[in-house]
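Asks: Contents are CSV, C-alpha atoms; file name query-v5.csv:
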chain,number,residue,atom,x,y,z
A,156,ALA,CA,88.5,83.9,148.6
A,157,GLY,CA,85.4,82.8,150.6
A,158,GLY,CA,84.9,79.2,149.3
A,159,LEU,CA,85.0,77.3,146.1
A,160,ALA,CA,81.9,79.1,144.7
A,161,ALA,CA,83.3,82.5,145.4
A,162,LEU,CA,86.7,81.5,143.9
A,163,SER,CA,85.1,80.4,140.7
A,164,LYS,CA,83.4,83.8,140.3
A,165,ILE,CA,86.6,85.7,140.5
A,166,PRO,CA,88.3,86.6,137.2
A,167,ALA,CA,91.8,85.3,136.5
A,168,CYS,CA,93.3,88.8,136.6
A,169,ASN,CA,92.1,89.1,140.3
A,170,VAL,CA,93.1,85.5,141.2
A,171,GLN,CA,96.7,86.3,140.5
A,172,THR,CA,96.7,89.0,143.2
A,173,LEU,CA,95.0,87.0,146.0
A,174,GLY,CA,97.1,87.2,149.1
A,175,GLN,CA,99.1,90.3,148.0
A,176,GLN,CA,100.6,92.3,150.8
A,177,LYS,CA,99.7,95.9,150.7
A,178,ASN,CA,102.3,98.5,151.7
A,179,GLU,CA,100.4,99.8,154.8
A,180,ASN,CA,102.1,101.4,157.8
A,181,ARG,CA,105.5,101.2,156.1
A,182,SER,CA,106.5,104.8,156.2
A,183,GLY,CA,110.2,105.2,155.5
A,184,PHE,CA,110.7,101.9,153.8
A,185,GLY,CA,111.2,101.6,150.1
A,186,SER,CA,108.8,99.8,147.9
A,187,ALA,CA,111.3,98.5,145.3
A,188,ALA,CA,111.2,95.0,146.8
A,189,ALA,CA,107.3,94.9,146.6
A,190,MET,CA,105.9,92.8,143.7
A,191,PRO,CA,103.0,94.5,142.1
A,192,HIS,CA,100.1,92.4,140.8
A,193,ALA,CA,101.6,89.3,142.5
A,194,GLY,CA,99.9,87.2,145.2
A,195,LEU,CA,100.3,83.7,146.6
A,196,ILE,CA,100.3,82.0,143.2
A,197,TYR,CA,103.5,83.9,142.3
A,198,TYR,CA,105.4,81.9,145.0
A,199,ALA,CA,104.1,78.6,143.7
A,200,THR,CA,106.7,76.0,142.5
A,201,VAL,CA,105.3,76.0,139.0
A,202,VAL,CA,105.9,79.8,138.7
A,203,GLN,CA,109.2,79.9,140.6
A,204,ASN,CA,110.8,77.2,138.4
A,205,VAL,CA,110.9,79.5,135.3
A,206,PRO,CA,113.5,82.2,134.9
A,207,PRO,CA,112.8,85.6,136.6
A,208,TYR,CA,112.1,87.4,133.3
A,209,LEU,CA,109.2,84.9,132.5
A,210,ARG,CA,107.6,84.7,136.0
A,211,MET,CA,105.0,87.5,135.5
A,212,LYS,CA,104.0,85.9,132.2
A,213,ALA,CA,103.8,82.5,133.9
A,214,LEU,CA,101.8,83.9,136.7
A,215,LYS,CA,99.0,85.0,134.3
A,216,VAL,CA,98.9,81.6,132.7
A,217,THR,CA,98.8,79.8,136.0
A,218,ALA,CA,96.1,82.1,137.4
A,219,ALA,CA,93.9,81.4,134.3
A,220,LYS,CA,94.3,77.6,134.7
A,221,VAL,CA,93.5,77.9,138.5
A,222,THR,CA,90.2,79.7,137.7
A,223,LEU,CA,89.2,77.0,135.1
A,224,ALA,CA,90.1,74.3,137.6
A,225,ALA,CA,87.9,75.9,140.3
A,226,ARG,CA,84.9,76.1,138.0
A,227,ILE,CA,85.4,72.4,137.0
A,228,ASP,CA,85.5,71.4,140.7
A,229,LEU,CA,82.4,73.5,141.5
A,230,HIS,CA,80.3,71.7,138.9
A,231,MET,CA,82.0,68.3,139.4
A,232,SER,CA,82.3,67.7,135.7
A,233,GLU,CA,85.7,65.9,136.1
A,234,PRO,CA,85.6,63.8,139.4
A,235,SER,CA,88.7,61.8,138.4
A,236,GLY,CA,90.9,64.9,138.3
A,237,SER,CA,92.1,64.2,134.8
A,238,ALA,CA,91.3,67.8,133.7
A,239,GLY,CA,93.6,69.2,136.4
A,240,ALA,CA,96.5,66.9,135.3
A,241,ARG,CA,95.9,67.8,131.7
A,242,MET,CA,96.1,71.5,132.4
A,243,ARG,CA,99.2,71.1,134.5
A,244,GLN,CA,100.9,69.3,131.6
A,245,GLU,CA,99.8,72.1,129.2
A,246,VAL,CA,101.4,74.7,131.6
A,247,ASP,CA,104.6,72.8,131.9
A,248,ASP,CA,104.9,72.3,128.1
A,249,LYS,CA,104.2,75.9,127.5
A,250,PHE,CA,106.9,77.0,130.0
A,251,GLU,CA,109.4,74.7,128.4
A,252,LYS,CA,108.6,76.1,125.0
A,253,TRP,CA,109.3,79.6,126.3
A,254,GLU,CA,112.7,78.6,127.6
A,255,GLU,CA,113.9,77.1,124.3
A,256,PRO,CA,116.5,79.2,122.5
A,257,GLN,CA,115.4,80.9,119.3
A,258,LYS,CA,116.2,79.1,116.1
A,259,ALA,CA,118.7,80.7,113.8
A,260,ARG,CA,117.4,81.7,110.4
A,261,MET,CA,118.3,79.3,107.7
A,262,LYS,CA,119.6,80.8,104.5
A,263,LYS,CA,117.8,79.3,101.7
A,264,ALA,CA,119.8,78.2,98.7
A,265,LEU,CA,119.1,79.8,95.4
A,266,PRO,CA,117.2,77.7,92.9
A,267,VAL,CA,119.0,75.9,90.1
A,268,PRO,CA,119.3,78.2,87.1
A,269,ASP,CA,117.1,77.3,84.2
A,270,ASP,CA,119.2,77.6,81.0
A,271,LYS,CA,116.3,76.4,78.8
A,272,PRO,CA,114.9,79.1,76.5
A,273,ARG,CA,111.5,80.3,77.5
A,274,LYS,CA,108.6,79.9,75.3
A,275,LYS,CA,107.5,83.2,73.8
A,276,ARG,CA,104.0,83.7,72.5
A,277,GLY,CA,103.6,84.6,68.9
A,278,GLY,CA,100.8,85.2,66.4
A,279,LYS,CA,98.5,88.0,65.5
A,280,ARG,CA,97.5,88.8,69.0
A,281,ALA,CA,101.1,89.1,70.2
A,282,ARG,CA,102.0,91.3,67.3
A,283,LYS,CA,99.1,93.6,68.0
A,284,LEU,CA,100.1,93.9,71.6
A,285,LYS,CA,103.7,94.7,70.7
A,286,GLU,CA,102.5,97.4,68.2
A,287,LYS,CA,100.2,98.9,70.8
A,288,PHE,CA,102.9,99.3,73.5
A,289,GLY,CA,105.9,99.6,71.1
A,290,MET,CA,107.8,102.9,70.4
A,291,SER,CA,106.7,104.9,67.4
A,292,GLU,CA,109.1,106.3,64.8
A,293,MET,CA,108.3,109.8,66.1
A,294,ARG,CA,109.3,108.8,69.6
A,295,LYS,CA,112.5,107.2,68.4
A,296,ASP,CA,113.5,110.3,66.5
A,297,THR,CA,112.7,112.4,69.6
A,298,ASN,CA,115.0,110.3,71.7
A,299,LYS,CA,117.9,110.6,69.4
A,300,ARG,CA,120.6,113.2,70.1
A,301,THR,CA,123.2,114.9,67.9
A,302,PHE,CA,126.7,115.7,69.0
A,303,SER,CA,128.6,119.0,68.5
A,304,ASN,CA,125.4,120.7,67.4
A,305,PHE,CA,123.5,121.8,70.5
A,306,GLU,CA,120.6,124.1,70.0
A,307,GLY,CA,118.2,125.3,72.6
A,308,GLU,CA,118.4,126.4,76.2
A,309,TYR,CA,120.4,124.8,78.9
A,310,GLY,CA,118.6,122.0,80.6
A,311,ASP,CA,115.9,121.3,77.9
A,312,ASP,CA,117.7,118.2,76.9
A,313,ALA,CA,117.7,116.8,80.5
A,314,MET,CA,114.1,117.8,81.1
A,315,GLY,CA,112.9,116.2,77.8
A,316,LEU,CA,111.6,119.5,76.4
A,317,ASP,CA,113.4,119.4,73.1
A,318,MET,CA,112.4,117.4,70.1
A,319,GLY,CA,115.8,115.7,69.5
A,320,MET,CA,116.4,114.7,65.9
A,321,LEU,CA,112.7,114.9,64.9
A,322,GLY,CA,112.5,116.4,61.4
A,323,ASN,CA,116.2,116.5,60.9
A,324,GLY,CA,116.6,113.0,59.5
A,325,ALA,CA,116.4,111.8,55.9
A,326,GLY,CA,113.4,109.6,56.4
A,327,LYS,CA,109.8,110.8,56.7
A,328,LEU,CA,107.1,109.8,59.1
A,329,ARG,CA,104.3,107.7,57.8
A,330,ALA,CA,100.8,107.3,59.2
A,331,SER,CA,99.8,103.9,60.4
A,332,VAL,CA,98.1,101.4,58.1
A,333,LYS,CA,94.7,101.8,59.8
A,334,LYS,CA,94.8,105.5,59.4
A,335,GLU,CA,95.8,105.3,55.8
A,336,GLN,CA,92.9,102.9,55.1
A,337,LYS,CA,90.4,105.3,56.8
A,338,MET,CA,91.7,108.2,54.8
A,339,ALA,CA,91.5,106.3,51.5
A,340,ILE,CA,87.9,105.2,52.3
A,341,LYS,CA,86.9,108.8,53.2
A,342,LYS,CA,88.5,110.1,49.9
A,343,ALA,CA,86.7,107.5,47.8
A,344,LYS,CA,83.4,108.2,49.4
A,345,LYS,CA,83.8,112.0,48.9
A,346,ALA,CA,84.7,111.5,45.2
A,347,ALA,CA,81.7,109.3,44.7
A,348,GLU,CA,79.4,111.9,46.2
A,349,THR,CA,80.8,114.7,44.1
A,350,ALA,CA,80.8,112.7,40.8
A,351,GLY,CA,77.4,111.1,41.0
A,352,GLN,CA,75.4,114.1,42.3
A,353,HIS,CA,72.9,111.8,43.8
A,354,VAL,CA,69.7,113.4,44.9
A,355,ASN,CA,68.3,112.5,48.3
A,356,GLY,CA,65.2,110.4,48.1
A,357,LEU,CA,63.4,112.5,50.6
A,358,SER,CA,63.7,115.7,48.5
A,359,SER,CA,60.7,117.1,46.7
A,360,SER,CA,59.9,119.9,44.3
A,361,LEU,CA,56.9,121.0,46.3
A,362,VAL,CA,57.4,124.1,48.5
A,363,PHE,CA,55.1,125.4,51.2
A,364,THR,CA,54.7,129.2,51.0
A,365,PRO,CA,52.5,131.4,53.2
A,366,VAL,CA,50.9,133.0,50.1
A,367,GLN,CA,49.8,130.2,47.8
A,368,GLY,CA,50.3,127.3,50.1
A,369,ILE,CA,51.8,124.4,48.1
A,370,GLU,CA,53.8,125.6,45.2
A,371,LEU,CA,55.8,123.7,42.6
A,372,ALA,CA,59.3,125.1,42.5
A,373,ASN,CA,62.6,124.3,40.9
A,374,PRO,CA,65.0,122.8,43.4
A,375,ASN,CA,68.0,123.8,41.3
A,376,ALA,CA,66.9,127.4,41.0
A,377,ALA,CA,69.2,128.7,43.7
A,378,ALA,CA,72.2,126.9,42.2
A,379,ASP,CA,71.4,128.2,38.7
A,380,LYS,CA,71.2,131.8,40.1
A,381,VAL,CA,74.6,131.5,41.7
A,382,ALA,CA,76.1,130.0,38.5
A,383,ALA,CA,74.6,132.9,36.4
A,384,ALA,CA,76.0,135.5,38.8
A,385,ASN,CA,79.4,133.9,38.7
A,386,SER,CA,79.5,133.8,34.9
A,387,GLN,CA,78.4,137.4,34.7
A,388,TRP,CA,80.9,138.9,37.1
A,389,PHE,CA,83.8,136.4,37.1
A,390,GLY,CA,83.5,134.7,33.7
A,391,ALA,CA,86.3,134.5,31.1
A,392,ASN,CA,84.3,136.7,28.6
A,393,SER,CA,82.7,139.1,31.1
A,394,GLY,CA,85.4,141.8,30.8
A,395,PHE,CA,85.5,144.8,33.1
A,396,MET,CA,82.1,146.0,34.3
A,397,SER,CA,81.0,148.5,36.8
A,398,ALA,CA,79.3,147.4,39.9
A,399,ARG,CA,77.4,150.6,40.2
A,400,PRO,CA,73.7,150.2,39.6
A,401,ALA,CA,72.4,151.9,36.4
Write out the structure in this file as structure tokens.
Replies:
Amino acid sequence: AGGLAALSKIPACNVQTLGQQKNENRSGFGSAAAMPHAGLIYYATVVQNVPPYLRMKALKVTAAKVTLAARIDLHMSEPSGSAGARMRQEVDDKFEKWEEPQKARMKKALPVPDDKPRKKRGGKRARKLKEKFGMSEMRKDTNKRTFSNFEGEYGDDAMGLDMGMLGNGAGKLRASVKKEQKMAIKKAKKAAETAGQHVNGLSSSLVFTPVQGIELANPNAAADKVAAANSQWFGANSGFMSARPA
């Protein structure tokens, strides 16, 4: 490697190939026995003590520890050698861990069944949630089927294209409570408007005309004109009259 300083500069992937024999001038010989990416460290005792299928893996770990030990020796940070002994112990422990057989998977027992009744939430909020996601009466009638009275094309029932017993039962569908309340409020408001005939507070009898400017006009003149025309042509005592002008 060229000394301790040069060895400390070599990466671990190249340290594991130091001392590798290249297949030069070996024409005619097979290369099956040659170990690729394996140098002198491969034949060390710490690597040879592991099974053959783990030796290349152990070689990489040992080369990495050798590189770290060379850099420690170069800077003399551990003169006692305790760092090297600690790394050797780590390597031996790791190799022993690799050789341990795999642990069989333990089948976990099922939990003890809980026979106690679960607490169910109640109240206004729970009822609203149930009504929101509950099935309506229309959907219930649609899902119902009759026997011996099939009407429709083949496959409509399976595809959900028919309406089931919707409209065939004795009961009638009712709108929801909120919808009924809204309709009642709307009807009451409409009746109050038609009965009272309230005039808008922004209305005025003054009319702006291009001829005279501001002119006082009757706001009910148009309605009186329409009422007079209706009584003339469609009244009970009008009789038959010709629409031809005189």
Asks: Measuring atom to atom with all atoms listed in the file, identify which of A:Asp270, A:Met231, A:Asn169, A:Met320 is nearest to Asn298 of chain A.
Replies: A:Met320
Asks: A:Asp248, A:Phe389, A:Lys344, A:Phe302: which is nearest Val205 of chain A, counting all atoms listed in the file?
Replies: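 Closest to Val205 of chain A, using all atoms listed in the file: A:Asp248.
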Asks: Expressed in Å to a single decimal, how great is the separation between atom CA of Tyr198 of chain A and atom CA of Gln176 of chain A?
Replies: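 These atoms are spaced 12.8 Å apart.
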Asks: If I take atom CA of Ile227 of chain A and atom CA of His192 of chain A, how far is one from the other in Å, to one decimal?
Replies: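 Interatomic distance here is 25.1 Å.
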Asks: Mind checking which residues fall within 12 Å of Lys220 of chain A, counting all atoms listed in the file, ignoring those fewer than 3 positions away in the same chain, and posting them as a list in words?
Replies: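 The residues satisfying every condition are Ser163, Pro166, Ala167, Cys168, Val170, Gln171, Ile196, Val201, Ala213, Leu214, Lys215, Val216, Thr217, Leu223, Ala224, Ala225, Arg226, Ile227, Ala238, Gly239, Ala240, Arg241, Met242, Arg243, Gln244, Glu245, Val246 and Asp247 of chain A.
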Asks: Closest to Leu321 of chain A among A:Lys299, A:His230, A:Lys252, A:Lys262, using all atoms listed in the file?
Replies: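 Ranking A:Lys299, A:His230, A:Lys252, A:Lys262 by distance to Leu321 of chain A, first place goes to A:Lys299.
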Asks: Quote the spacing between atom CA of Trp253 of chain A and atom CA of Glu233 of chain A in Å to one decimal place.
Replies: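 Atom CA of Trp253 of chain A sits 29.0 Å away from atom CA of Glu233 of chain A.
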Asks: With all atoms listed in the file as the basis for distance, which of A:Asp228, A:Ala160, A:Lys295, A:Pro191 is at the shortest distance from Leu173 of chain A?
Replies: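 Checking each of A:Asp228, A:Ala160, A:Lys295, A:Pro191 against Leu173 of chain A, counting all atoms listed in the file, the winner is A:Pro191.
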